[in-house]
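Data block for protein-v7.cif (mmCIF, C-alpha atoms and all ligand atoms):
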```cif
data_protein
#
loop_
_atom_site.label_atom_id
_atom_site.label_comp_id
_atom_site.auth_asym_id
_atom_site.auth_seq_id
_atom_site.Cartn_x
_atom_site.Cartn_y
_atom_site.Cartn_z
CA MET A 250 -232.27 10.40 144.11
CA LEU A 251 -232.24 9.44 140.39
CA ASP A 252 -234.99 9.06 137.80
CA HIS A 253 -235.89 5.41 137.72
CA ILE A 254 -238.43 2.86 136.59
CA TYR A 255 -238.89 -0.15 138.82
CA SER A 256 -240.11 -3.46 137.45
CA SER A 257 -240.50 -6.88 139.06
CA SER A 258 -240.58 -8.81 135.79
CA PRO A 259 -238.87 -11.05 134.79
CA SER A 260 -236.85 -10.26 137.94
CA PRO A 261 -236.68 -7.14 140.12
CA HIS A 262 -234.73 -4.33 138.47
CA LEU A 263 -234.45 -0.56 138.17
CA TYR A 264 -233.96 1.14 134.85
CA LEU A 265 -232.08 4.44 135.15
CA PRO A 266 -232.90 6.60 132.10
CA ARG A 267 -230.43 9.35 133.04
CA LEU A 268 -227.32 8.91 135.15
CA LEU A 269 -226.14 12.51 134.93
CA ASP A 270 -227.47 15.72 133.47
CA PRO A 271 -226.93 15.22 129.69
CA GLU A 272 -224.65 18.25 129.47
CA ALA A 273 -222.57 16.99 132.37
CA PHE A 274 -222.36 13.54 130.80
CA LYS A 275 -221.07 15.04 127.54
CA LYS A 276 -218.23 16.64 129.46
CA LEU A 277 -216.95 13.32 130.80
CA ALA A 278 -213.36 12.78 129.88
CA PRO A 279 -212.87 9.90 127.41
CA PHE A 280 -213.60 6.46 128.77
CA PRO A 281 -210.34 5.05 130.11
CA ASP A 282 -208.30 3.14 127.56
CA ILE A 283 -207.89 -0.17 129.32
CA LYS A 284 -205.20 -2.69 128.51
CA VAL A 285 -205.87 -6.40 128.18
CA ARG A 286 -205.38 -8.13 131.53
CA ALA A 287 -205.96 -11.59 132.93
CA MET A 288 -208.63 -12.56 135.48
CA GLY A 289 -211.22 -9.93 134.66
CA ARG A 290 -214.70 -9.77 133.23
CA SER A 291 -214.23 -8.88 129.57
CA GLY A 292 -210.43 -9.08 129.44
CA ARG A 293 -210.17 -5.27 129.51
CA ASP A 294 -211.24 -4.16 132.98
CA LEU A 295 -210.02 -1.55 135.44
CA PHE A 296 -210.82 -2.29 139.07
CA MET A 297 -210.63 -0.21 142.25
CA GLY A 298 -207.15 -0.10 143.72
CA GLU A 299 -205.41 -0.78 140.40
CA PRO A 300 -202.94 1.58 138.73
CA GLY A 301 -204.79 4.38 136.92
CA TYR A 302 -208.13 3.82 138.69
CA ASP A 303 -207.93 6.77 141.09
CA GLU A 304 -206.87 9.06 138.28
CA VAL A 305 -210.09 8.23 136.37
CA ILE A 306 -212.50 8.61 139.26
CA HIS A 307 -211.04 12.00 140.16
CA ARG A 308 -211.71 13.39 136.70
CA ASP A 309 -214.56 15.86 136.26
CA GLY A 310 -217.83 14.09 135.66
CA TYR A 311 -216.55 10.65 136.65
CA SER A 312 -216.08 11.86 140.20
CA ASP A 313 -219.74 12.96 140.37
CA LEU A 314 -220.93 9.58 139.21
CA TYR A 315 -218.51 7.60 141.35
CA ASN A 316 -219.23 9.62 144.48
CA LEU A 317 -222.96 9.24 143.98
CA PHE A 318 -222.99 5.50 143.35
CA THR A 319 -220.60 4.70 146.19
CA SER A 320 -222.31 6.87 148.81
CA ALA A 321 -224.14 5.38 151.80
CA GLU A 322 -227.23 7.41 150.84
CA PHE A 323 -227.37 5.96 147.35
CA VAL A 324 -226.79 2.39 148.54
CA SER A 325 -229.62 2.77 151.09
CA TRP A 326 -231.87 4.27 148.44
CA VAL A 327 -231.26 1.43 145.97
CA LEU A 328 -231.81 -1.23 148.62
CA SER A 329 -235.00 0.50 149.79
CA LYS A 330 -236.39 0.05 146.26
CA PHE A 331 -235.78 -3.69 146.55
CA ALA A 332 -236.63 -4.10 150.25
CA ASP A 333 -239.74 -6.26 149.69
CA ASP A 334 -238.00 -8.29 146.98
CA MET A 335 -235.00 -8.93 149.22
CA HIS A 336 -237.33 -10.37 151.83
CA ARG A 337 -239.37 -12.36 149.28
CA TYR A 338 -236.31 -13.90 147.63
CA GLY A 339 -234.56 -14.75 150.90
CA CYS A 340 -231.72 -12.25 151.15
CA ALA A 341 -229.57 -12.93 154.23
CA PHE A 342 -230.34 -9.46 155.67
CA ALA A 343 -233.09 -6.83 155.52
CA ALA A 344 -232.58 -3.70 153.43
CA LYS A 345 -233.02 -1.47 156.47
CA ASP A 346 -230.07 -3.17 158.21
CA ALA A 347 -227.57 -2.50 155.41
CA LYS A 348 -224.27 -0.89 156.40
CA LEU A 349 -221.83 0.44 153.85
CA MET A 350 -218.32 -0.32 155.11
CA ASN A 351 -216.16 2.68 155.89
CA PRO A 352 -213.38 2.58 154.91
CA PRO A 353 -214.59 0.62 151.89
CA PHE A 354 -213.56 -3.00 151.53
CA LEU A 355 -211.24 -3.52 148.59
CA GLU A 356 -211.98 -6.68 146.64
CA THR A 357 -208.91 -7.42 144.56
CA ARG A 358 -208.68 -9.14 141.20
CA GLU A 359 -206.92 -12.02 142.95
CA ALA A 360 -209.69 -12.35 145.55
CA LEU A 361 -212.22 -12.58 142.75
CA GLU A 362 -210.23 -15.35 141.18
CA HIS A 363 -209.62 -17.43 144.31
CA ALA A 364 -212.83 -17.14 146.32
CA PRO A 365 -215.69 -16.37 144.02
CA ASN A 366 -218.59 -17.26 146.35
CA VAL A 367 -217.50 -16.22 149.84
CA LEU A 368 -214.62 -13.96 150.82
CA ASP A 369 -215.16 -14.18 154.56
CA GLU A 370 -217.66 -16.64 155.93
CA LYS A 371 -217.62 -14.95 159.34
CA ALA A 372 -218.39 -11.48 157.93
CA PRO A 373 -221.85 -10.09 158.77
CA ALA A 374 -223.89 -10.33 155.55
CA ASN A 375 -225.20 -6.77 155.94
CA GLU A 376 -221.72 -5.18 155.78
CA LEU A 377 -221.49 -3.96 152.21
CA PHE A 378 -219.11 -2.48 149.70
CA ASN A 379 -219.32 -1.36 146.09
CA ARG A 380 -217.80 -2.41 142.85
CA PHE A 381 -217.47 0.24 140.18
CA ASP A 382 -215.44 -1.38 137.40
CA PHE A 383 -214.62 0.13 134.04
CA THR A 384 -215.00 -2.46 131.30
CA ILE A 385 -214.53 -2.60 127.53
CA ALA A 386 -215.54 -5.38 125.17
CA ARG A 387 -215.43 -6.04 121.47
CA GLY A 388 -217.23 -8.53 119.27
CA ASN A 389 -215.66 -11.55 120.96
CA TYR A 390 -217.57 -10.88 124.19
CA THR A 391 -219.55 -14.07 124.59
CA SER A 392 -223.26 -14.09 125.11
CA TYR A 393 -224.15 -15.97 128.27
CA VAL A 394 -226.88 -16.25 130.89
CA HIS A 395 -225.86 -16.15 134.52
CA LEU A 396 -226.26 -14.78 138.02
CA ASP A 397 -223.44 -12.82 139.61
CA SER A 398 -221.62 -14.16 142.66
CA PRO A 399 -224.05 -15.02 145.51
CA ARG A 400 -222.39 -12.35 147.66
CA ARG A 401 -223.59 -9.60 145.28
CA VAL A 402 -226.89 -8.14 146.49
CA ILE A 403 -227.27 -5.83 143.51
CA GLY A 404 -225.52 -5.89 140.15
CA GLY A 405 -225.78 -3.38 137.38
CA LEU A 406 -224.48 -1.77 134.24
CA LEU A 407 -223.93 1.91 133.58
CA PHE A 408 -223.53 2.48 129.86
CA PHE A 409 -220.86 4.73 128.40
CA SER A 410 -221.38 4.08 124.70
CA ASP A 411 -224.25 3.97 122.24
CA ALA A 412 -225.01 0.97 120.09
CA GLU A 413 -225.63 3.29 117.15
CA GLU A 414 -222.41 5.26 117.52
CA GLU A 415 -220.36 2.09 117.98
CA GLY A 416 -221.97 0.38 115.00
CA MET A 417 -223.11 -2.44 117.26
CA ALA A 418 -225.85 -4.90 116.45
CA GLY A 419 -226.86 -7.05 119.42
CA GLY A 420 -225.03 -6.77 122.74
CA GLU A 421 -228.12 -5.62 124.61
CA PHE A 422 -228.23 -6.18 128.35
CA THR A 423 -230.86 -8.89 128.63
CA LEU A 424 -232.98 -10.24 131.47
CA TYR A 425 -234.09 -13.85 131.23
CA ARG A 426 -236.70 -16.16 132.69
CA ASP A 427 -235.67 -19.77 133.26
CA LEU A 428 -238.39 -22.12 132.03
CA LEU A 429 -236.84 -24.93 134.09
CA PHE A 430 -236.21 -22.78 137.15
CA ALA A 431 -234.84 -24.94 139.94
CA ASN A 432 -233.85 -22.28 142.48
CA ASP A 433 -230.25 -23.53 142.36
CA ARG A 434 -228.65 -20.34 140.93
CA SER A 435 -228.11 -21.95 137.52
CA ALA A 436 -230.06 -21.18 134.37
CA HIS A 437 -231.31 -24.37 132.73
CA LEU A 438 -233.64 -23.30 129.93
CA PRO A 439 -233.58 -19.49 129.89
CA ILE A 440 -235.56 -17.36 127.48
CA PRO A 441 -234.87 -13.65 126.91
CA VAL A 442 -237.71 -11.50 128.25
CA LYS A 443 -236.45 -7.92 128.36
CA LYS A 444 -233.62 -6.22 126.47
CA PHE A 445 -231.95 -2.92 127.22
CA PRO A 446 -230.06 -1.51 124.24
CA MET A 447 -226.70 0.04 124.99
CA ARG A 448 -227.38 3.77 125.31
CA LYS A 449 -224.92 6.03 127.07
CA ASN A 450 -225.93 7.81 130.24
CA THR A 451 -228.45 5.06 131.08
CA GLY A 452 -228.19 2.13 133.44
CA VAL A 453 -229.88 -0.96 134.83
CA LEU A 454 -229.58 -2.21 138.40
CA PHE A 455 -230.89 -5.68 139.17
CA LEU A 456 -231.47 -7.77 142.25
CA ASN A 457 -229.00 -10.66 142.05
CA CYS A 458 -231.43 -13.08 143.70
CA ASN A 459 -231.99 -16.65 142.49
CA VAL A 460 -234.23 -15.50 139.60
CA GLY A 461 -232.04 -12.57 138.48
CA PHE A 462 -230.74 -14.24 135.29
CA HIS A 463 -229.09 -11.80 132.95
CA GLY A 464 -226.34 -11.36 130.41
CA PRO A 465 -225.34 -9.65 127.21
CA SER A 466 -227.03 -10.84 124.06
CA ARG A 467 -224.74 -11.94 121.25
CA ILE A 468 -222.84 -9.11 119.59
CA ARG A 469 -223.65 -9.77 115.93
CA SER A 470 -221.40 -7.00 114.63
CA ILE A 471 -219.50 -4.07 116.10
CA LYS A 472 -217.20 -1.39 114.73
CA GLY A 473 -216.30 0.34 118.02
CA THR A 474 -216.49 -1.09 121.53
CA ARG A 475 -219.06 -1.81 124.23
CA LYS A 476 -218.08 0.35 127.23
CA TRP A 477 -219.70 0.16 130.61
CA VAL A 478 -219.22 0.32 134.33
CA TYR A 479 -220.09 -2.84 136.23
CA TYR A 480 -221.69 -1.67 139.45
CA SER A 481 -222.47 -3.77 142.47
CA ILE A 482 -223.60 -3.57 146.06
CA SER A 483 -221.88 -6.57 147.54
CA SER A 484 -221.21 -8.39 150.77
CA ARG A 485 -218.09 -10.35 151.66
CA ASN A 486 -220.36 -13.22 152.63
CA GLN A 487 -222.99 -15.15 150.75
CA VAL A 488 -226.38 -13.41 150.75
CA TRP A 489 -228.32 -15.74 148.40
CA GLN A 490 -228.54 -19.49 148.97
CA PRO A 491 -228.94 -22.02 146.17
CA HIS A 492 -231.41 -24.81 146.78
CA ARG A 493 -230.22 -28.37 146.28
CA LEU A 494 -231.75 -30.08 143.29
CA ASN A 495 -233.75 -33.23 143.80
CA ALA A 496 -232.87 -36.41 141.92
CA PHE A 497 -235.65 -35.92 139.38
CA TYR A 498 -234.32 -32.53 138.34
CA ARG A 499 -230.71 -33.68 138.25
CA ALA A 500 -231.62 -36.56 135.93
CA GLY A 501 -233.66 -34.27 133.67
CA LEU A 502 -230.86 -31.75 133.38
CA LYS A 503 -228.39 -34.48 132.50
CA VAL A 504 -230.62 -35.44 129.58
CA LEU A 505 -230.86 -31.78 128.48
CA ARG A 506 -227.11 -31.43 128.55
CA LYS A 507 -226.69 -34.57 126.46
CA LEU A 508 -229.09 -33.12 123.94
CA GLY A 509 -227.05 -29.89 123.94
CA MET A 510 -230.07 -27.91 125.11
CA GLY A 511 -230.26 -25.01 127.52
CA ALA A 512 -227.64 -22.83 129.15
CA ALA A 513 -226.33 -25.80 131.08
CA SER A 514 -224.50 -26.94 127.98
CA GLY A 515 -222.78 -23.60 127.25
CA PRO A 516 -220.19 -21.44 129.01
CA ARG A 517 -221.40 -19.48 132.03
CA SER A 518 -219.19 -16.53 131.25
CA LYS A 519 -216.77 -15.04 128.79
CA LEU A 520 -214.01 -16.11 131.13
CA GLU A 521 -215.28 -19.58 131.50
CA ALA A 522 -215.31 -19.85 127.73
CA ASP A 523 -211.59 -19.05 127.70
CA VAL A 524 -210.10 -20.08 131.03
CA PRO A 525 -211.37 -21.50 134.33
CA GLY A 526 -212.93 -18.93 136.64
CA HIS A 527 -215.91 -16.65 136.88
CA SER A 528 -215.59 -13.31 138.53
CA GLN A 529 -218.64 -11.13 138.70
FE FE B 601 -223.45 -10.43 135.51
#
```

If you took the structure in this file and wrote it as structure tokens, what would it be?
Amino acid sequence: MLDHIYSSSPSPHLYLPRLLDPEAFKKLAPFPDIKVRAMGRSGRDLFMGEPGYDEVIHRDGYSDLYNLFTSAEFVSWVLSKFADDMHRYGCAFAAKDAKLMNPPFLETREALEHAPNVLDEKAPANELFNRFDFTIARGNYTSYVHLDSPRRVIGGLLFFSDAEEEGMAGGEFTLYRDLLFANDRSAHLPIPVKKFPMRKNTGVLFLNCNVGFHGPSRIRSIKGTRKWVYYSISSRNQVWQPHRLNAFYRAGLKVLRKLGMGAASGPRSKLEADVPGHSQ
């Protein structure tokens, strides 16, 4: 389907070294110029169903990429790569039972804001839809460690700009291991393990299971912008369950927070740093 390198460490992920033929990628129309809007990921996002979205995905080049990543074949292929991991990490359904909804489910900006964990608790977990969001960030994009919403089976980034060309230091997509892992879908003492520099026409897809901690590293300096597509294979229902912490862990984490240590003391997202809400 696509060139890829699978790795299970620090959490299951696929590196995609080439999204499109390099000549085809060069011909992509400019990345959409997105206005600042509330309730998004970076503050400058364009989501499915919003004004201007269809115009972008019908452009030459973008349509190839969009049609590929939102096809039932591609979704099945990605999930097949993670089938064992999905079972091991307790996904609510088996990869072979996945069904891409047709017509696709449209998850609005408002739905993201109001029901971040579950959109429909009666929905079968194996009924899936995609997110394919255009996103732009500048130097104020906060570094943070997190998991995406527990209804996302897979999350990912498709890069549309180069760190070198944008004069960006830092801002790598980073996978973390939590040294105080508690299986509760929060990072307590995460350490960076693997970094993917921003390089256009590459991507990373990760399993959003309870160990799938990730986030951008701090952007130390940037002249241009960080441009990417946030991709997801998602359910309307919760597919990953957090485990409840025992009293020992809760007490220990309280101490850590008081000492200002670990991710528990910092914002979980760019949005959370600014306003309430978290919408990946
Ligand atoms: Fe994320």

Could you give me the residues within 9 Å of ligand FE 601 (chain B), counting all atoms listed in the file, as a list in words?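 The distance check yields Val394, His395, Leu396, Asp397, Ser398, Gly404, Gly405, Leu406, Asn457, Phe462, His463, Gly464, Pro465, Tyr479, Ser518, Ser528 and Gln529 of chain A.
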
Looking at A:Arg387, A:His437, A:Lys348, A:Lys444, which one is nearest to Arg469 in chain A, with distances taken over all atoms listed in the file?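 Nearest to Arg469 in chain A: A:Arg387.
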
Between A:Ala431, A:Leu314, A:Arg308, A:Glu376, single out the one closest to Arg499 in chain A, counting all atoms listed in the file.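 Checking each of A:Ala431, A:Leu314, A:Arg308, A:Glu376 against Arg499 in chain A, counting all atoms listed in the file, the winner is A:Ala431.
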
Mind pulling up the distance from CA of Lys345 in chain A to CA of Ser320 in chain A?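 Those two atoms sit 15.6 Å apart.
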
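Shortest separation to Leu268 in chain A among A:Met350, A:Leu317, A:Ala500, A:Val460 occurs at residue A:Leu317, atoms counted being only C-alpha atoms.
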
Grab the CA of Val453 in chain A to CA of Leu407 in chain A distance for me, in Å with one decimal place.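 It comes out at 6.7 Å.
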
CA of Tyr311 in chain A to CA of Leu265 in chain A, distance in Å rounded to a single decimal: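 Straight-line distance from CA of Tyr311 in chain A to CA of Leu265 in chain A works out to 16.8 Å.
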
Using all atoms listed in the file, which residue out of A:Ser260, A:Asn459, A:Thr319, A:Asn375 lies closest to Phe331 in chain A? A:Ser260

Between A:Arg506, A:His253, A:Arg400, A:His492, which residue has the minimum interatomic distance to Phe430 in chain A, considering all atoms listed in the file?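 Selected residue with least distance to Phe430 in chain A: A:His492.
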
Taking into account all atoms listed in the file, which residue in the set A:Ser484, A:Phe378, A:His336, A:Lys371 is nearest to Pro352 in chain A?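 Smallest separation from Pro352 in chain A among the options: A:Phe378.
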
Can you tell me which residues surround Glu414 in chain A at a distance of at most 10 Å, considering only C-alpha atoms, apart from same-chain residues fewer than 2 positions away, and format the answer as a JSON list (two decimals) with C-alpha atoms, keeping the file's coordinate frame?
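Once written, around.json looks like this:
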```json
[["chain", "number", "residue", "atom", "x", "y", "z"],
["A", 410, "SER", "CA", -221.38, 4.08, 124.70],
["A", 411, "ASP", "CA", -224.25, 3.97, 122.24],
["A", 412, "ALA", "CA", -225.01, 0.97, 120.09],
["A", 416, "GLY", "CA", -221.97, 0.38, 115.00],
["A", 417, "MET", "CA", -223.11, -2.44, 117.26],
["A", 448, "ARG", "CA", -227.38, 3.77, 125.31],
["A", 449, "LYS", "CA", -224.92, 6.03, 127.07],
["A", 471, "ILE", "CA", -219.50, -4.07, 116.10],
["A", 472, "LYS", "CA", -217.20, -1.39, 114.73],
["A", 473, "GLY", "CA", -216.30, 0.34, 118.02],
["A", 474, "THR", "CA", -216.49, -1.09, 121.53]]
```

Test item: which residues lie within 10 Å of (-234.8, -21.8, 130.6) counting all atoms listed in the file, as JSON, numbers by chain: {"A": [394, 425, 426, 427, 428, 429, 430, 431, 435, 436, 437, 438, 439, 440, 441, 462, 510, 511, 512, 513]}

Near Asp334 in chain A, counting all atoms listed in the file, which residues have an atom at most 9 Å away, once you skip same-chain residues fewer than 3 positions from it, shown as a list in words? Ser257, Pro261, Lys330, Phe331, Arg337, Tyr338, Gly339, Cys340, Leu456 and Cys458 of chain A
